[in-house]
Structures are given as structure tokens and as C-alpha cells.
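Structure first, then comments.
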Amino acid sequence: TYSHAFALAKAAEMINAGKESQVYDTIIAKCKKLEQTHAVVLCIGGDFHSEDLVLEYTLNAHAAADLGAPALLLLKGANRNAGDLIESARNSIRELRGNAVEVLGCVLNWSQLSAADANNFVAGVTGAPEAQRAANVFVMPENAEASGAPDKAIAYFEKNLDGKALVKAIDDYAVTVVTPKMFEFALMERASKHKMRIVLPEGTDDRIVTAGAEV
């Protein structure tokens, strides 16, 4: 979670103090450090229980984009109809892609939809216009027992989520957009590893001076 780097309140405090760049730099650095010792790093976004949902969404989207991490959208299905859920999924997918985050799939959790409505939801998301579409859509029916013992939770997921399809989507994923933060971090990482100097041309240009100060 990005709380591995900052609690949400601390991140908000730093952003309001004009230190937004430092927030994302720290998140990227901590995740990249985990990559050195782990084959897979799962980034868990905010749970949207805070009062500042806009900030929470922005942190989720920007951190994912700067890490080059694809997203698996999770929707809460309790007390919501198929039409509302389809609209929510499409809007979320469009917003994430608009922020340079690819969406590999969508999981509808704790669904109370009938079998027919669940099928309509899947069709409504997989058949949406390209910018709002997810190829892998899974419906997880409400099941109180699944939140108990770990073995029951695992069985619940295996029954309702096609793990092989999701793993294939992850394996096939390739970063196609390089954000400024990704470029900056990669540049610094290469220079640090090989003990190289970074030369910035046009040293009197205000933009170069600012970039040099940040580096």
C-alpha cells in the first residue's frame, strides 16, 4: 500500500505544503526497493474510506502511473444494481486510462446481483467502448463465510475468479507510457548504479535549472 511510504494524512500534509513531488518520489523508491528482493510486488490502493476521496484517488492513480503498474479495479457490489455498477466500472476505467494507468480487469466484490444481472454486468464492461472496457471481469457473489477462515476465502476466490486469465493478463502487460517521474527515476538509478554523471544541456534555461535542483 502507499501507506508503506506515507499515511494518507501525512501525504495530504506534504502535498498541501508543496511537497507533492517528494511524496511520489518516496513511494516509487520504496516500491523499487521491494522489487529488488521480490519476484512480484502487489500494490494495494486506498480503500476510499477517508473523507478526501479526490486525494485518495489521485494518489492511487498517480502512484500506479509512475510505477508503470497496471490496475485491477475492485468494485463493491452490495446494495447496487447492474446499471449503476456498469456505469461506475466504465467511468473508473476511463479515468484510470486517462491517467496513464492500464486496467487489466475488474472484480465486482460482494455482489448481490441475480445471475442474469451479473451476466449483464460482465457484458456491459467487456463490451464497453475501448476506453471504458476491461477484458477480464469477475463477479464475486456475496458470501459471509468467505470473510472467515483463510481456506474458505481461497476456495471462494478460486471458484469465482479465473486466476489463469488474470495471471496471463499480467504476464502479457507491457509499459507503453513513460511518465516524467518514471523517466527521472530510471535516469537516476542508472547513473547511480554505474557511478555516472548526468549532464543537462542549456544550463541557463530556467527549466533546466529547476530540474537540476530536483535531481
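Ordering of the C-alpha cells sets the chain letters (A, B, ...); residue numbers start at 1 within each chain; ligands are numbered from 1 in the order shown.
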Can you list, as number ranges by chain, every protein, DNA or RNA residue that comes within 12 Å of stretch 163-178 of chain A when you count only C-alpha atoms, leaving out same-chain residues fewer than 3 positions away?
A: 40-42, 64-72, 97-107, 134-138, 154-160, 181-186
Distance table requested - stretch 13-87 of chain A against stretch 127-133 of chain A, cut-off 12 Å, only C-alpha atoms: one row per qualifying residue with the closest atom pair and its distance in Å to one decimal, ordered by chain and rising residue number, as a Markdown table.
| residue | atom | partner | partner_atom | distance |
| --- | --- | --- | --- | --- |
| A:Leu73 | CA | A:Arg133 | CA | 11.5 |
| A:Ile86 | CA | A:Ala128 | CA | 9.2 |
| A:Glu87 | CA | A:Gln132 | CA | 9.5 |
Go ahead and compute the interatomic distance for atom CA of A:Leu96 and atom CA of A:Ala63, in Å to one decimal.
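Separation of atom CA of A:Leu96 and atom CA of A:Ala63: 11.3 Å.
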Ranking A:Val125, A:Asn91, A:Tyr24, A:Met140 by minimum distance to A:Leu108 and counting only C-alpha atoms, which one comes first?
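Looking at the shortest contact to A:Leu108, the residue is A:Met140.
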Enumerate the residues of stretch 104-137 of chain A with a DSSP assignment of strand (DSSP E or B), computed from the backbone, and present them as a PDB file with all heavy atoms, in the first residue's frame.
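Output contents, as saved in result11.pdb:
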ATOM      1  N   LEU A 104      -6.237  -4.018 -16.231  1.00  0.00           N
ATOM      2  CA  LEU A 104      -6.201  -5.406 -16.703  1.00  0.00           C
ATOM      3  C   LEU A 104      -7.515  -6.130 -16.476  1.00  0.00           C
ATOM      4  O   LEU A 104      -7.826  -7.093 -17.170  1.00  0.00           O
ATOM      5  CB  LEU A 104      -5.087  -6.176 -15.990  1.00  0.00           C
ATOM      6  CG  LEU A 104      -3.660  -5.680 -16.206  1.00  0.00           C
ATOM      7  CD1 LEU A 104      -2.683  -6.627 -15.548  1.00  0.00           C
ATOM      8  CD2 LEU A 104      -3.353  -5.539 -17.690  1.00  0.00           C
ATOM      9  N   GLY A 105      -8.280  -5.684 -15.489  1.00  0.00           N
ATOM     10  CA  GLY A 105      -9.526  -6.374 -15.191  1.00  0.00           C
ATOM     11  C   GLY A 105     -10.338  -5.641 -14.152  1.00  0.00           C
ATOM     12  O   GLY A 105      -9.918  -4.621 -13.604  1.00  0.00           O
ATOM     13  N   CYS A 106     -11.520  -6.175 -13.911  1.00  0.00           N
ATOM     14  CA  CYS A 106     -12.452  -5.579 -12.952  1.00  0.00           C
ATOM     15  C   CYS A 106     -13.078  -6.697 -12.122  1.00  0.00           C
ATOM     16  O   CYS A 106     -13.540  -7.702 -12.669  1.00  0.00           O
ATOM     17  CB  CYS A 106     -13.526  -4.789 -13.698  1.00  0.00           C
ATOM     18  SG  CYS A 106     -14.840  -4.134 -12.645  1.00  0.00           S
ATOM     19  N   VAL A 107     -13.064  -6.525 -10.804  1.00  0.00           N
ATOM     20  CA  VAL A 107     -13.664  -7.503  -9.898  1.00  0.00           C
ATOM     21  C   VAL A 107     -14.831  -6.852  -9.172  1.00  0.00           C
ATOM     22  O   VAL A 107     -14.665  -5.817  -8.518  1.00  0.00           O
ATOM     23  CB  VAL A 107     -12.645  -8.011  -8.857  1.00  0.00           C
ATOM     24  CG1 VAL A 107     -13.321  -8.975  -7.886  1.00  0.00           C
ATOM     25  CG2 VAL A 107     -11.468  -8.683  -9.542  1.00  0.00           C
ATOM     26  N   LEU A 108     -15.997  -7.434  -9.306  1.00  0.00           N
ATOM     27  CA  LEU A 108     -17.169  -6.970  -8.567  1.00  0.00           C
ATOM     28  C   LEU A 108     -17.277  -7.829  -7.311  1.00  0.00           C
ATOM     29  O   LEU A 108     -17.588  -9.005  -7.376  1.00  0.00           O
ATOM     30  CB  LEU A 108     -18.428  -7.100  -9.421  1.00  0.00           C
ATOM     31  CG  LEU A 108     -19.752  -6.732  -8.728  1.00  0.00           C
ATOM     32  CD1 LEU A 108     -19.727  -5.289  -8.247  1.00  0.00           C
ATOM     33  CD2 LEU A 108     -20.934  -6.962  -9.672  1.00  0.00           C
ATOM     34  N   ASN A 109     -17.004  -7.228  -6.180  1.00  0.00           N
ATOM     35  CA  ASN A 109     -16.951  -7.960  -4.918  1.00  0.00           C
ATOM     36  C   ASN A 109     -18.262  -7.830  -4.155  1.00  0.00           C
ATOM     37  O   ASN A 109     -18.954  -6.826  -4.233  1.00  0.00           O
ATOM     38  CB  ASN A 109     -15.790  -7.420  -4.075  1.00  0.00           C
ATOM     39  CG  ASN A 109     -15.366  -8.386  -2.997  1.00  0.00           C
ATOM     40  OD1 ASN A 109     -15.565  -9.589  -3.108  1.00  0.00           O
ATOM     41  ND2 ASN A 109     -14.777  -7.861  -1.945  1.00  0.00           N
ATOM     42  N   TRP A 110     -18.610  -8.865  -3.400  1.00  0.00           N
ATOM     43  CA  TRP A 110     -19.835  -8.872  -2.591  1.00  0.00           C
ATOM     44  C   TRP A 110     -21.065  -8.504  -3.427  1.00  0.00           C
ATOM     45  O   TRP A 110     -21.904  -7.711  -3.023  1.00  0.00           O
ATOM     46  CB  TRP A 110     -19.700  -7.923  -1.390  1.00  0.00           C
ATOM     47  CG  TRP A 110     -18.675  -8.413  -0.424  1.00  0.00           C
ATOM     48  CD1 TRP A 110     -17.408  -7.947  -0.290  1.00  0.00           C
ATOM     49  CD2 TRP A 110     -18.793  -9.504   0.491  1.00  0.00           C
ATOM     50  NE1 TRP A 110     -16.734  -8.677   0.648  1.00  0.00           N
ATOM     51  CE2 TRP A 110     -17.555  -9.638   1.159  1.00  0.00           C
ATOM     52  CE3 TRP A 110     -19.834 -10.390   0.810  1.00  0.00           C
ATOM     53  CZ2 TRP A 110     -17.327 -10.611   2.116  1.00  0.00           C
ATOM     54  CZ3 TRP A 110     -19.590 -11.359   1.768  1.00  0.00           C
ATOM     55  CH2 TRP A 110     -18.354 -11.458   2.410  1.00  0.00           C
ATOM     56  N   SER A 111     -21.135  -9.101  -4.598  1.00  0.00           N
ATOM     57  CA  SER A 111     -22.255  -8.835  -5.499  1.00  0.00           C
ATOM     58  C   SER A 111     -23.561  -9.431  -4.968  1.00  0.00           C
ATOM     59  O   SER A 111     -23.588 -10.561  -4.479  1.00  0.00           O
ATOM     60  CB  SER A 111     -21.966  -9.424  -6.877  1.00  0.00           C
ATOM     61  OG  SER A 111     -23.109  -9.392  -7.702  1.00  0.00           O
ATOM     62  N   ASN A 136     -11.049  -8.634 -18.680  1.00  0.00           N
ATOM     63  CA  ASN A 136     -11.269  -9.650 -17.650  1.00  0.00           C
ATOM     64  C   ASN A 136     -12.177  -9.083 -16.561  1.00  0.00           C
ATOM     65  O   ASN A 136     -11.789  -8.162 -15.840  1.00  0.00           O
ATOM     66  CB  ASN A 136      -9.932 -10.071 -17.033  1.00  0.00           C
ATOM     67  CG  ASN A 136      -8.980 -10.648 -18.062  1.00  0.00           C
ATOM     68  OD1 ASN A 136      -9.179 -11.753 -18.546  1.00  0.00           O
ATOM     69  ND2 ASN A 136      -7.952  -9.887 -18.408  1.00  0.00           N
ATOM     70  N   VAL A 137     -13.382  -9.627 -16.466  1.00  0.00           N
ATOM     71  CA  VAL A 137     -14.356  -9.143 -15.489  1.00  0.00           C
ATOM     72  C   VAL A 137     -14.868 -10.325 -14.672  1.00  0.00           C
ATOM     73  O   VAL A 137     -15.288 -11.340 -15.232  1.00  0.00           O
ATOM     74  CB  VAL A 137     -15.553  -8.437 -16.178  1.00  0.00           C
ATOM     75  CG1 VAL A 137     -16.540  -7.936 -15.144  1.00  0.00           C
ATOM     76  CG2 VAL A 137     -15.043  -7.279 -17.036  1.00  0.00           C
TER      77      VAL A 137
END
Return as a PyMOL selection string the full set of residues in stretch 5-185 of chain A whose backbone-based DSSP assignment is alpha helix (DSSP H).
chain A and resi 8-16+20-35+53-67+82-98+115-126+150-160+163-172+180-185
Would you work out the distance separating atom CA of A:Asn120 from atom CA of A:Ala82, expressed in Å to one decimal?
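A separation of 7.1 Å between them.
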With a distance cut-off of 9 Å and only C-alpha atoms, select the neighbouring residues of A:Arg80, excluding the residue or stretch itself and same-chain residues fewer than 3 positions from it, and output the selection as a list in words.
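After dropping sequence-adjacent residues, the list is Lys76, Gly77, Gly83, Asp84, Leu85, Ser111, Gln112 and Leu113 of chain A.
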